[in-house]
$ cat coords.cif   # mmCIF, C-alpha atoms and all ligand atoms
data_work
#
loop_
_atom_site.label_atom_id
_atom_site.label_comp_id
_atom_site.auth_asym_id
_atom_site.auth_seq_id
_atom_site.Cartn_x
_atom_site.Cartn_y
_atom_site.Cartn_z
CA MET A 201 66.16 35.65 -17.03
CA LEU A 202 65.97 38.32 -19.74
CA LEU A 203 63.96 36.97 -22.71
CA LYS A 204 64.56 38.34 -26.21
CA PHE A 205 61.49 38.22 -28.42
CA THR A 206 60.06 39.46 -31.74
CA LYS A 207 56.51 40.74 -31.97
CA MET A 208 54.85 39.73 -35.28
CA HIS A 209 51.41 39.42 -36.80
CA GLY A 210 49.60 37.73 -39.68
CA LEU A 211 46.58 39.93 -40.57
CA GLY A 212 46.41 41.19 -36.99
CA ASN A 213 46.53 37.71 -35.38
CA ASP A 214 49.50 38.59 -33.18
CA PHE A 215 52.45 36.59 -31.90
CA VAL A 216 55.49 36.72 -29.71
CA VAL A 217 58.17 34.67 -31.44
CA VAL A 218 61.14 33.31 -29.49
CA ASP A 219 64.38 31.84 -30.85
CA ALA A 220 65.00 28.63 -28.88
CA VAL A 221 67.53 27.40 -31.49
CA SER A 222 70.35 29.75 -30.42
CA ARG A 223 69.50 29.40 -26.70
CA LYS A 224 67.27 26.84 -24.88
CA VAL A 225 64.06 28.41 -23.52
CA PHE A 226 61.19 26.75 -21.62
CA PHE A 227 57.91 28.30 -20.57
CA ASN A 228 55.36 27.21 -17.96
CA LYS A 229 51.63 28.01 -18.16
CA GLN A 230 51.81 30.90 -15.65
CA GLN A 231 54.67 32.56 -17.55
CA ILE A 232 52.76 32.30 -20.85
CA GLU A 233 49.58 33.73 -19.30
CA ARG A 234 51.54 36.65 -17.82
CA LEU A 235 53.45 37.39 -21.06
CA SER A 236 50.21 37.26 -23.08
CA ASP A 237 48.47 39.78 -20.81
CA ARG A 238 48.07 43.05 -22.74
CA ASN A 239 48.32 45.12 -19.53
CA TRP A 240 50.81 43.17 -17.39
CA GLY A 241 52.94 41.53 -20.12
CA ILE A 242 53.57 42.00 -23.85
CA GLY A 243 50.25 40.80 -25.22
CA PHE A 244 49.67 38.21 -27.94
CA ASP A 245 47.20 35.66 -29.25
CA GLN A 246 49.86 32.93 -29.56
CA LEU A 247 53.44 32.36 -28.41
CA LEU A 248 55.60 30.71 -31.10
CA VAL A 249 58.76 28.91 -30.05
CA VAL A 250 61.31 28.11 -32.77
CA GLU A 251 63.33 25.02 -31.81
CA PRO A 252 65.87 22.73 -33.52
CA PRO A 253 64.20 19.69 -35.16
CA THR A 254 64.09 16.29 -33.48
CA ASP A 255 63.69 14.68 -36.95
CA PRO A 256 66.84 15.04 -39.14
CA ASP A 257 64.66 15.42 -42.30
CA MET A 258 63.09 18.59 -40.90
CA ASP A 259 64.58 22.12 -40.70
CA PHE A 260 62.98 23.26 -37.44
CA ARG A 261 60.48 22.31 -34.75
CA TYR A 262 57.66 24.75 -34.11
CA ARG A 263 55.75 24.89 -30.79
CA ILE A 264 52.60 26.94 -30.40
CA TYR A 265 50.90 28.12 -27.20
CA ASN A 266 47.55 29.93 -26.95
CA SER A 267 47.37 33.00 -24.68
CA ASP A 268 45.75 30.82 -21.95
CA GLY A 269 48.96 28.73 -21.83
CA SER A 270 47.58 25.63 -23.65
CA GLU A 271 49.89 24.03 -26.23
CA VAL A 272 48.21 23.45 -29.61
CA GLU A 273 48.85 21.47 -32.78
CA HIS A 274 48.76 24.08 -35.48
CA CYS A 275 48.62 27.81 -36.27
CA GLY A 276 48.30 28.97 -39.89
CA ASN A 277 49.08 32.70 -39.48
CA GLY A 278 51.86 31.75 -37.07
CA ALA A 279 53.42 29.42 -39.66
CA ARG A 280 53.85 32.33 -42.11
CA CYS A 281 55.39 34.51 -39.38
CA PHE A 282 57.63 31.57 -38.43
CA ALA A 283 59.01 31.51 -42.02
CA LYS A 284 59.71 35.25 -42.01
CA PHE A 285 61.34 35.00 -38.55
CA VAL A 286 63.83 32.23 -39.42
CA LEU A 287 64.82 34.00 -42.66
CA ASP A 288 65.16 37.47 -41.06
CA ARG A 289 67.23 36.00 -38.20
CA GLU A 290 69.35 34.05 -40.72
CA LEU A 291 68.57 30.77 -38.97
CA THR A 292 68.14 29.44 -42.53
CA ASN A 293 68.48 30.73 -46.09
CA LYS A 294 66.01 28.18 -47.54
CA ARG A 295 62.83 29.46 -49.17
CA ILE A 296 61.14 26.06 -48.82
CA ILE A 297 61.22 25.17 -45.13
CA ASN A 298 60.08 21.87 -43.60
CA VAL A 299 58.82 22.20 -40.07
CA GLU A 300 57.87 19.69 -37.37
CA THR A 301 54.71 20.57 -35.44
CA LYS A 302 52.69 18.82 -32.73
CA ARG A 303 50.36 17.45 -35.49
CA GLY A 304 53.10 16.32 -37.93
CA SER A 305 55.07 18.18 -40.57
CA ILE A 306 54.18 21.27 -42.61
CA GLN A 307 55.96 22.93 -45.52
CA LEU A 308 56.40 26.70 -45.83
CA ARG A 309 57.16 28.31 -49.21
CA VAL A 310 58.38 31.90 -49.09
CA LEU A 311 57.17 33.87 -52.13
CA ASP A 312 58.14 37.33 -53.32
CA ALA A 313 56.23 40.40 -52.06
CA GLY A 314 56.29 39.23 -48.44
CA LEU A 315 53.80 36.41 -48.98
CA VAL A 316 54.14 32.84 -47.68
CA THR A 317 52.26 29.75 -48.85
CA VAL A 318 51.77 27.05 -46.23
CA ASP A 319 51.06 23.45 -47.20
CA MET A 320 48.76 22.63 -44.29
CA GLY A 321 48.33 18.92 -45.07
CA SER A 322 44.99 17.14 -45.66
CA PRO A 323 41.92 17.89 -43.55
CA SER A 324 39.92 15.27 -41.67
CA PHE A 325 36.18 15.18 -41.09
CA GLU A 326 36.34 12.13 -38.79
CA PRO A 327 34.84 12.76 -35.33
CA GLN A 328 37.72 10.89 -33.64
CA ASP A 329 40.24 13.35 -35.13
CA LEU A 330 38.60 16.38 -33.54
CA PRO A 331 37.44 14.76 -31.17
CA PHE A 332 33.72 15.25 -30.68
CA THR A 333 30.51 13.26 -30.26
CA ALA A 334 27.38 13.79 -32.36
CA ASP A 335 25.30 12.25 -35.17
CA PRO A 336 25.18 13.91 -38.59
CA CYS A 337 22.04 14.98 -40.42
CA ASN A 338 22.49 15.72 -44.17
CA GLY A 339 26.25 16.16 -43.65
CA LEU A 340 25.77 18.79 -40.92
CA TYR A 341 25.80 18.29 -37.16
CA SER A 342 23.32 19.87 -34.79
CA ILE A 343 24.65 21.56 -31.64
CA MET A 344 22.79 23.58 -29.00
CA ALA A 345 24.25 26.89 -27.86
CA GLY A 346 22.00 27.95 -24.99
CA ASP A 347 18.43 27.63 -26.34
CA THR A 348 19.44 27.93 -30.00
CA GLU A 349 20.24 25.07 -32.37
CA TYR A 350 23.15 25.57 -34.77
CA PHE A 351 24.29 23.36 -37.66
CA MET A 352 28.04 22.94 -38.01
CA THR A 353 30.65 21.15 -40.08
CA PRO A 354 33.39 19.81 -37.81
CA VAL A 355 36.82 19.81 -39.49
CA SER A 356 40.29 18.98 -38.24
CA VAL A 357 43.14 20.73 -40.06
CA GLY A 358 45.51 19.44 -37.39
CA ASN A 359 43.62 21.46 -34.80
CA PRO A 360 39.83 21.23 -34.31
CA HIS A 361 37.27 23.60 -35.87
CA ALA A 362 33.47 23.84 -35.92
CA VAL A 363 32.31 25.81 -38.96
CA ILE A 364 28.86 27.44 -38.91
CA LYS A 365 27.35 29.01 -42.03
CA VAL A 366 25.44 32.18 -41.18
CA ASP A 367 23.46 34.73 -43.21
CA GLN A 368 24.98 37.66 -41.33
CA LEU A 369 28.05 38.10 -39.12
CA LEU A 370 26.86 39.57 -35.84
CA ASP A 371 29.27 40.70 -33.06
CA GLU A 372 27.06 39.35 -30.27
CA GLU A 373 26.62 35.94 -31.94
CA VAL A 374 30.35 35.50 -32.63
CA THR A 375 31.37 36.23 -29.03
CA ARG A 376 28.48 34.61 -27.09
CA VAL A 377 27.87 31.54 -29.27
CA GLY A 378 31.60 31.19 -29.98
CA ALA A 379 32.33 30.98 -26.24
CA LEU A 380 29.50 28.46 -25.65
CA ILE A 381 30.56 26.11 -28.47
CA GLU A 382 34.31 26.46 -27.71
CA CYS A 383 33.70 24.79 -24.33
CA HIS A 384 30.72 22.59 -25.36
CA GLU A 385 30.66 19.17 -23.66
CA ARG A 386 30.67 17.51 -27.10
CA PHE A 387 34.22 18.82 -27.65
CA PRO A 388 36.20 17.47 -24.69
CA ARG A 389 39.41 19.20 -25.87
CA LYS A 390 37.51 22.38 -26.83
CA VAL A 391 37.20 23.74 -30.38
CA ASN A 392 37.80 26.81 -32.57
CA VAL A 393 34.48 28.19 -33.84
CA GLY A 394 34.20 29.77 -37.32
CA PHE A 395 31.22 31.85 -38.50
CA MET A 396 31.20 31.89 -42.30
CA GLN A 397 29.10 34.05 -44.64
CA VAL A 398 29.25 32.80 -48.22
CA ILE A 399 29.38 35.74 -50.66
CA SER A 400 29.93 33.67 -53.83
CA PRO A 401 31.53 30.26 -54.61
CA ASP A 402 34.97 31.87 -54.44
CA GLU A 403 34.56 34.43 -51.65
CA ILE A 404 33.62 34.27 -47.97
CA ASN A 405 33.52 36.58 -44.97
CA LEU A 406 34.75 34.84 -41.84
CA ARG A 407 35.09 35.53 -38.13
CA VAL A 408 36.70 33.02 -35.78
CA TYR A 409 36.31 32.60 -32.03
CA GLU A 410 39.58 30.84 -31.23
CA ARG A 411 39.99 28.12 -28.62
CA GLY A 412 42.10 29.40 -25.71
CA VAL A 413 42.05 33.03 -26.91
CA GLY A 414 38.61 34.41 -27.92
CA GLU A 415 37.86 36.18 -31.20
CA THR A 416 41.01 37.15 -33.12
CA GLN A 417 41.53 39.47 -36.11
CA ALA A 418 42.24 36.43 -38.31
CA CYS A 419 42.74 32.69 -38.00
CA GLY A 420 44.67 30.82 -40.70
CA THR A 421 43.61 27.33 -39.74
CA GLY A 422 40.06 28.71 -39.28
CA ALA A 423 40.08 30.01 -42.86
CA CYS A 424 41.31 26.63 -44.13
CA ALA A 425 38.63 24.79 -42.12
CA ALA A 426 35.84 27.10 -43.33
CA VAL A 427 36.82 26.78 -47.01
CA VAL A 428 37.20 23.01 -46.79
CA ALA A 429 33.82 22.74 -45.02
CA GLY A 430 32.23 24.94 -47.70
CA ILE A 431 33.72 22.86 -50.53
CA LYS A 432 32.57 19.62 -48.88
CA GLN A 433 29.04 20.98 -48.50
CA GLY A 434 29.02 22.10 -52.18
CA TRP A 435 28.85 25.84 -51.41
CA LEU A 436 32.39 26.79 -52.53
CA SER A 437 34.83 26.19 -55.39
CA PRO A 438 38.44 24.94 -54.93
CA LYS A 439 40.05 28.43 -54.77
CA VAL A 440 38.54 30.88 -52.31
CA THR A 441 39.42 34.31 -50.92
CA ALA A 442 38.54 34.52 -47.22
CA HIS A 443 37.93 38.06 -45.93
CA LEU A 444 38.80 38.16 -42.24
CA ARG A 445 38.66 41.18 -39.90
CA GLY A 446 42.42 41.75 -40.41
CA GLY A 447 42.54 41.16 -44.19
CA ASP A 448 42.46 38.44 -46.83
CA LEU A 449 43.79 34.88 -47.09
CA HIS A 450 43.83 32.79 -50.26
CA ILE A 451 42.91 29.17 -49.73
CA GLU A 452 43.06 26.32 -52.23
CA TRP A 453 41.84 22.73 -51.73
CA GLN A 454 41.38 20.26 -54.60
CA GLY A 455 39.45 17.67 -52.55
CA GLU A 456 39.84 14.53 -50.39
CA GLY A 457 43.41 13.34 -49.96
CA THR A 458 44.99 16.58 -51.23
CA PRO A 459 46.66 19.24 -49.06
CA ILE A 460 45.19 22.65 -48.26
CA LEU A 461 47.34 25.56 -49.47
CA MET A 462 47.06 28.83 -47.59
CA THR A 463 48.72 32.05 -48.85
CA GLY A 464 48.98 35.34 -46.98
CA PRO A 465 51.32 37.94 -45.47
CA ALA A 466 53.56 37.96 -42.38
CA GLU A 467 54.77 41.14 -40.66
CA LYS A 468 57.35 42.00 -38.03
CA VAL A 469 56.23 44.72 -35.60
CA PHE A 470 59.17 45.17 -33.17
CA GLU A 471 61.87 43.40 -31.17
CA GLY A 472 62.17 43.60 -27.40
CA GLN A 473 63.30 41.98 -24.19
CA ILE A 474 61.39 41.24 -21.00
CA TYR A 475 62.15 39.61 -17.63
CA LEU A 476 60.69 36.11 -17.53
N1 LIG B 1 45.52 31.68 -34.83
C1 LIG B 1 45.75 30.42 -35.32
C2 LIG B 1 45.23 29.22 -34.58
C3 LIG B 1 45.89 29.07 -33.20
C4 LIG B 1 45.47 27.82 -32.44
C5 LIG B 1 44.02 27.75 -32.03
N2 LIG B 1 43.62 28.83 -31.15
C6 LIG B 1 43.73 26.39 -31.36
O1 LIG B 1 43.59 26.34 -30.13
O2 LIG B 1 43.67 25.39 -32.06
C7 LIG B 1 45.79 30.27 -36.82
O3 LIG B 1 46.12 31.26 -37.49
O4 LIG B 1 45.58 29.18 -37.33
#
$ encode --input "coords.cif" --output "structure tokens" --more "lines below"
Ligand SMILES: N[C@@H](CCC[C@H](N)C(=O)O)C(=O)O
Amino acid sequence: MLLKFTKMHGLGNDFVVVDAVSRKVFFNKQQIERLSDRNWGIGFDQLLVVEPPTDPDMDFRYRIYNSDGSEVEHCGNGARCFAKFVLDRELTNKRIINVETKRGSIQLRVLDAGLVTVDMGSPSFEPQDLPFTADPCNGLYSIMAGDTEYFMTPVSVGNPHAVIKVDQLLDEEVTRVGALIECHERFPRKVNVGFMQVISPDEINLRVYERGVGETQACGTGACAAVVAGIKQGWLSPKVTAHLRGGDLHIEWQGEGTPILMTGPAEKVFEGQIYL
């Protein structure tokens, strides 16, 4: 079968986006792994599949697969690219789009200047929502990565994140410690690992080692998780600019019970077709 796709990115976090509204498309794990391979396939961090909604109150259903073939609950940068894709393809003309995801519904608001704001819903700090096992100490949780003890804030923004505040962002630490914590026995479904350097109450530097992918140029849900963790710990104010390797995201969270709002760009790179 010849598969039509669009290559997109949100701050360098890259996607293959497929229209499964106009034509039914299904993928198995092996196909996703092959398509995601940057030598043998197209190459991407996540595959985004745009489907018709199952809930009549929603506009679309949105399925997300990591490059290792695992299906996940949420993808912040992907959500902004999803909005641009459905508008560019004229699958909708709405600028407020309600979308069904594996974790529930999200709302996308398309702004001028190519920006999209995503209402990501409320975060959870409950261990059962991540899930993970550990006991807190002063609001932080201790976790061993090799011989070194780290202190993290676990946050679910639909998908699971462990946020670690560091003084410096070091390449070796992000990749080695990120990989160890991603697959740590305390996180039976694995976890995304964020390394956050606080510059001021409204600015952070952030690198994210993503579950099922490795370090990416940017992670939207990772930025939301880091800001929410920082606000909860008293380090950050409600509106924060997160500087990621691929550029900036603007995150707003007014506290418990309120939704996280994430604003950033979405870009189309090219269209293509490939044998599946
Ligand atoms: N890149 C994403 C997150 C994608 C999912 C993540 N790797 C997971 O397994 O939960 C984003 O922009 O949020």
$ residues_around --input "coords.cif" --residues "region 306-317 of chain A" --least-positions-apart "2" --cutoff "7 Å" --atoms "only C-alpha atoms" --output "PDB file with C-alpha atoms, in the frame of the given file"
ATOM      1  CA  ARG A 280      53.850  32.330 -42.110  1.00  0.00           C
ATOM      2  CA  ALA A 283      59.010  31.510 -42.020  1.00  0.00           C
ATOM      3  CA  ARG A 295      62.830  29.460 -49.170  1.00  0.00           C
ATOM      4  CA  ILE A 296      61.140  26.060 -48.820  1.00  0.00           C
ATOM      5  CA  ILE A 297      61.220  25.170 -45.130  1.00  0.00           C
ATOM      6  CA  ASN A 298      60.080  21.870 -43.600  1.00  0.00           C
ATOM      7  CA  VAL A 299      58.820  22.200 -40.070  1.00  0.00           C
ATOM      8  CA  GLU A 300      57.870  19.690 -37.370  1.00  0.00           C
ATOM      9  CA  GLY A 304      53.100  16.320 -37.930  1.00  0.00           C
ATOM     10  CA  ASP A 319      51.060  23.450 -47.200  1.00  0.00           C
ATOM     11  CA  MET A 320      48.760  22.630 -44.290  1.00  0.00           C
ATOM     12  CA  GLY A 321      48.330  18.920 -45.070  1.00  0.00           C
ATOM     13  CA  LEU A 461      47.340  25.560 -49.470  1.00  0.00           C
ATOM     14  CA  MET A 462      47.060  28.830 -47.590  1.00  0.00           C
ATOM     15  CA  THR A 463      48.720  32.050 -48.850  1.00  0.00           C
ATOM     16  CA  GLY A 464      48.980  35.340 -46.980  1.00  0.00           C
ATOM     17  CA  PRO A 465      51.320  37.940 -45.470  1.00  0.00           C
ATOM     18  CA  ALA A 466      53.560  37.960 -42.380  1.00  0.00           C
TER      19      ALA A 466
END
$ closest_residue --input "coords.cif" --among "A:Lys207, A:Lys224, A:His361, A:Arg289" --to "ligand LIG 1 (chain B)" --atoms "all atoms listed in the file"
A:His361
$ atom_distance --input "coords.cif" --atom1 "CA of Glu273 (chain A)" --atom2 "CA of Leu369 (chain A)"
27.4 Å
$ closest_residue --input "coords.cif" --among "A:Glu290, A:Asp335, A:Glu233, A:Glu415" --to "ligand LIG 1 (chain B)" --atoms "all atoms listed in the file"
A:Glu415
$ residues_around --input "coords.cif" --residues "Pro331 (chain A)" --least-positions-apart "5" --cutoff "8 Å" --atoms "only C-alpha atoms" --output "list in words"
Pro360, Phe387, Pro388 and Arg389 of chain A
$ atom_distance --input "coords.cif" --atom1 "CA of Glu373 (chain A)" --atom2 "CA of Glu326 (chain A)"
26.6 Å
$ residues_near_ligand --input "coords.cif" --ligand "ligand LIG 1 (chain B)" --cutoff "7 Å" --atoms "only C-alpha atoms and all ligand atoms" --output "list in words"
Asn213, Gln246, Asn266, Val272, Glu273, His274, Cys275, Gly276, Asn277, Gly278, Asn359, Pro360, Val391, Asn392, Glu410, Arg411, Gly412, Val413, Ala418, Cys419, Gly420, Thr421 and Gly422 of chain A
$ closest_residue --input "coords.cif" --among "A:Thr353, A:Thr348, A:Gly358, A:Pro253" --to "Asp329 (chain A)" --atoms "only C-alpha atoms"
A:Gly358
$ closest_residue --input "coords.cif" --among "A:Ser222, A:Leu235, A:Phe215, A:Arg263" --to "Tyr475 (chain A)" --atoms "only C-alpha atoms"
A:Leu235
$ residues_around --input "coords.cif" --residues "Met396 (chain A)" --least-positions-apart "2" --cutoff "8 Å" --atoms "all atoms listed in the file" --output "ChimeraX atom specification"
/A:363-366,369,394,398,404-407,426
$ atom_distance --input "coords.cif" --atom1 "CA of Ile264 (chain A)" --atom2 "CA of Glu251 (chain A)"
11.0 Å
$ closest_residue --input "coords.cif" --among "A:Val427, A:Ala345, A:Val221, A:Ala334" --to "Val286 (chain A)" --atoms "all atoms listed in the file"
A:Val221
$ closest_residue --input "coords.cif" --among "A:Met258, A:Ala442, A:Met344, A:Val357" --to "Ser324 (chain A)" --atoms "all atoms listed in the file"
A:Val357
$ build_atoms --input "coords.cif" --residues "region 228-254 of chain A" --atoms "N, CA and C atoms" --output "mmCIF file, keeping the file's coordinate frame"
data_model
loop_
_atom_site.group_PDB
_atom_site.id
_atom_site.type_symbol
_atom_site.label_atom_id
_atom_site.label_comp_id
_atom_site.auth_asym_id
_atom_site.auth_seq_id
_atom_site.Cartn_x
_atom_site.Cartn_y
_atom_site.Cartn_z
ATOM 1 N N ASN A 228 56.485 27.906 -18.613
ATOM 2 C CA ASN A 228 55.360 27.210 -17.960
ATOM 3 C C ASN A 228 54.080 28.018 -18.217
ATOM 4 N N LYS A 229 52.940 27.417 -17.857
ATOM 5 C CA LYS A 229 51.630 28.010 -18.160
ATOM 6 C C LYS A 229 51.492 29.418 -17.567
ATOM 7 N N GLN A 230 51.947 29.595 -16.320
ATOM 8 C CA GLN A 230 51.810 30.900 -15.650
ATOM 9 C C GLN A 230 52.632 31.962 -16.393
ATOM 10 N N GLN A 231 53.836 31.594 -16.828
ATOM 11 C CA GLN A 231 54.670 32.560 -17.550
ATOM 12 C C GLN A 231 53.994 32.975 -18.860
ATOM 13 N N ILE A 232 53.414 31.983 -19.561
ATOM 14 C CA ILE A 232 52.760 32.300 -20.850
ATOM 15 C C ILE A 232 51.558 33.217 -20.616
ATOM 16 N N GLU A 233 50.760 32.894 -19.589
ATOM 17 C CA GLU A 233 49.580 33.730 -19.300
ATOM 18 C C GLU A 233 50.004 35.158 -18.973
ATOM 19 N N ARG A 234 51.093 35.307 -18.208
ATOM 20 C CA ARG A 234 51.540 36.650 -17.820
ATOM 21 C C ARG A 234 52.076 37.412 -19.047
ATOM 22 N N LEU A 235 52.900 36.732 -19.870
ATOM 23 C CA LEU A 235 53.450 37.390 -21.060
ATOM 24 C C LEU A 235 52.342 37.797 -22.043
ATOM 25 N N SER A 236 51.286 36.992 -22.100
ATOM 26 C CA SER A 236 50.210 37.260 -23.080
ATOM 27 C C SER A 236 49.288 38.389 -22.624
ATOM 28 N N ASP A 237 49.373 38.754 -21.345
ATOM 29 C CA ASP A 237 48.470 39.780 -20.810
ATOM 30 C C ASP A 237 48.808 41.141 -21.433
ATOM 31 N N ARG A 238 47.799 41.801 -22.021
ATOM 32 C CA ARG A 238 48.070 43.050 -22.740
ATOM 33 C C ARG A 238 48.302 44.231 -21.807
ATOM 34 N N ASN A 239 48.012 44.070 -20.509
ATOM 35 C CA ASN A 239 48.320 45.120 -19.530
ATOM 36 C C ASN A 239 49.578 44.804 -18.734
ATOM 37 N N TRP A 240 49.734 43.546 -18.314
ATOM 38 C CA TRP A 240 50.810 43.170 -17.390
ATOM 39 C C TRP A 240 51.994 42.519 -18.099
ATOM 40 N N GLY A 241 51.848 42.191 -19.387
ATOM 41 C CA GLY A 241 52.940 41.530 -20.120
ATOM 42 C C GLY A 241 53.176 42.226 -21.448
ATOM 43 N N ILE A 242 53.363 41.426 -22.508
ATOM 44 C CA ILE A 242 53.570 42.000 -23.850
ATOM 45 C C ILE A 242 52.229 42.037 -24.583
ATOM 46 N N GLY A 243 51.514 40.927 -24.496
ATOM 47 C CA GLY A 243 50.250 40.800 -25.220
ATOM 48 C C GLY A 243 50.426 40.048 -26.516
ATOM 49 N N PHE A 244 49.680 38.964 -26.678
ATOM 50 C CA PHE A 244 49.670 38.210 -27.940
ATOM 51 C C PHE A 244 48.521 37.219 -27.927
ATOM 52 N N ASP A 245 48.177 36.754 -29.145
ATOM 53 C CA ASP A 245 47.200 35.660 -29.250
ATOM 54 C C ASP A 245 47.906 34.321 -29.057
ATOM 55 N N GLN A 246 49.095 34.182 -29.684
ATOM 56 C CA GLN A 246 49.860 32.930 -29.560
ATOM 57 C C GLN A 246 51.344 33.226 -29.337
ATOM 58 N N LEU A 247 51.981 32.349 -28.581
ATOM 59 C CA LEU A 247 53.440 32.360 -28.410
ATOM 60 C C LEU A 247 53.998 31.284 -29.343
ATOM 61 N N LEU A 248 54.989 31.660 -30.161
ATOM 62 C CA LEU A 248 55.600 30.710 -31.100
ATOM 63 C C LEU A 248 57.042 30.474 -30.689
ATOM 64 N N VAL A 249 57.401 29.224 -30.490
ATOM 65 C CA VAL A 249 58.760 28.910 -30.050
ATOM 66 C C VAL A 249 59.453 28.121 -31.164
ATOM 67 N N VAL A 250 60.564 28.700 -31.657
ATOM 68 C CA VAL A 250 61.310 28.110 -32.770
ATOM 69 C C VAL A 250 62.426 27.252 -32.184
ATOM 70 N N GLU A 251 62.355 25.945 -32.411
ATOM 71 C CA GLU A 251 63.330 25.020 -31.810
ATOM 72 C C GLU A 251 64.071 24.241 -32.893
ATOM 73 N N PRO A 252 65.207 23.621 -32.554
ATOM 74 C CA PRO A 252 65.870 22.730 -33.520
ATOM 75 C C PRO A 252 64.976 21.503 -33.746
ATOM 76 N N PRO A 253 65.063 20.858 -34.912
ATOM 77 C CA PRO A 253 64.200 19.690 -35.160
ATOM 78 C C PRO A 253 64.648 18.483 -34.346
ATOM 79 N N THR A 254 63.695 17.572 -34.075
ATOM 80 C CA THR A 254 64.090 16.290 -33.480
ATOM 81 C C THR A 254 64.252 15.264 -34.603
#
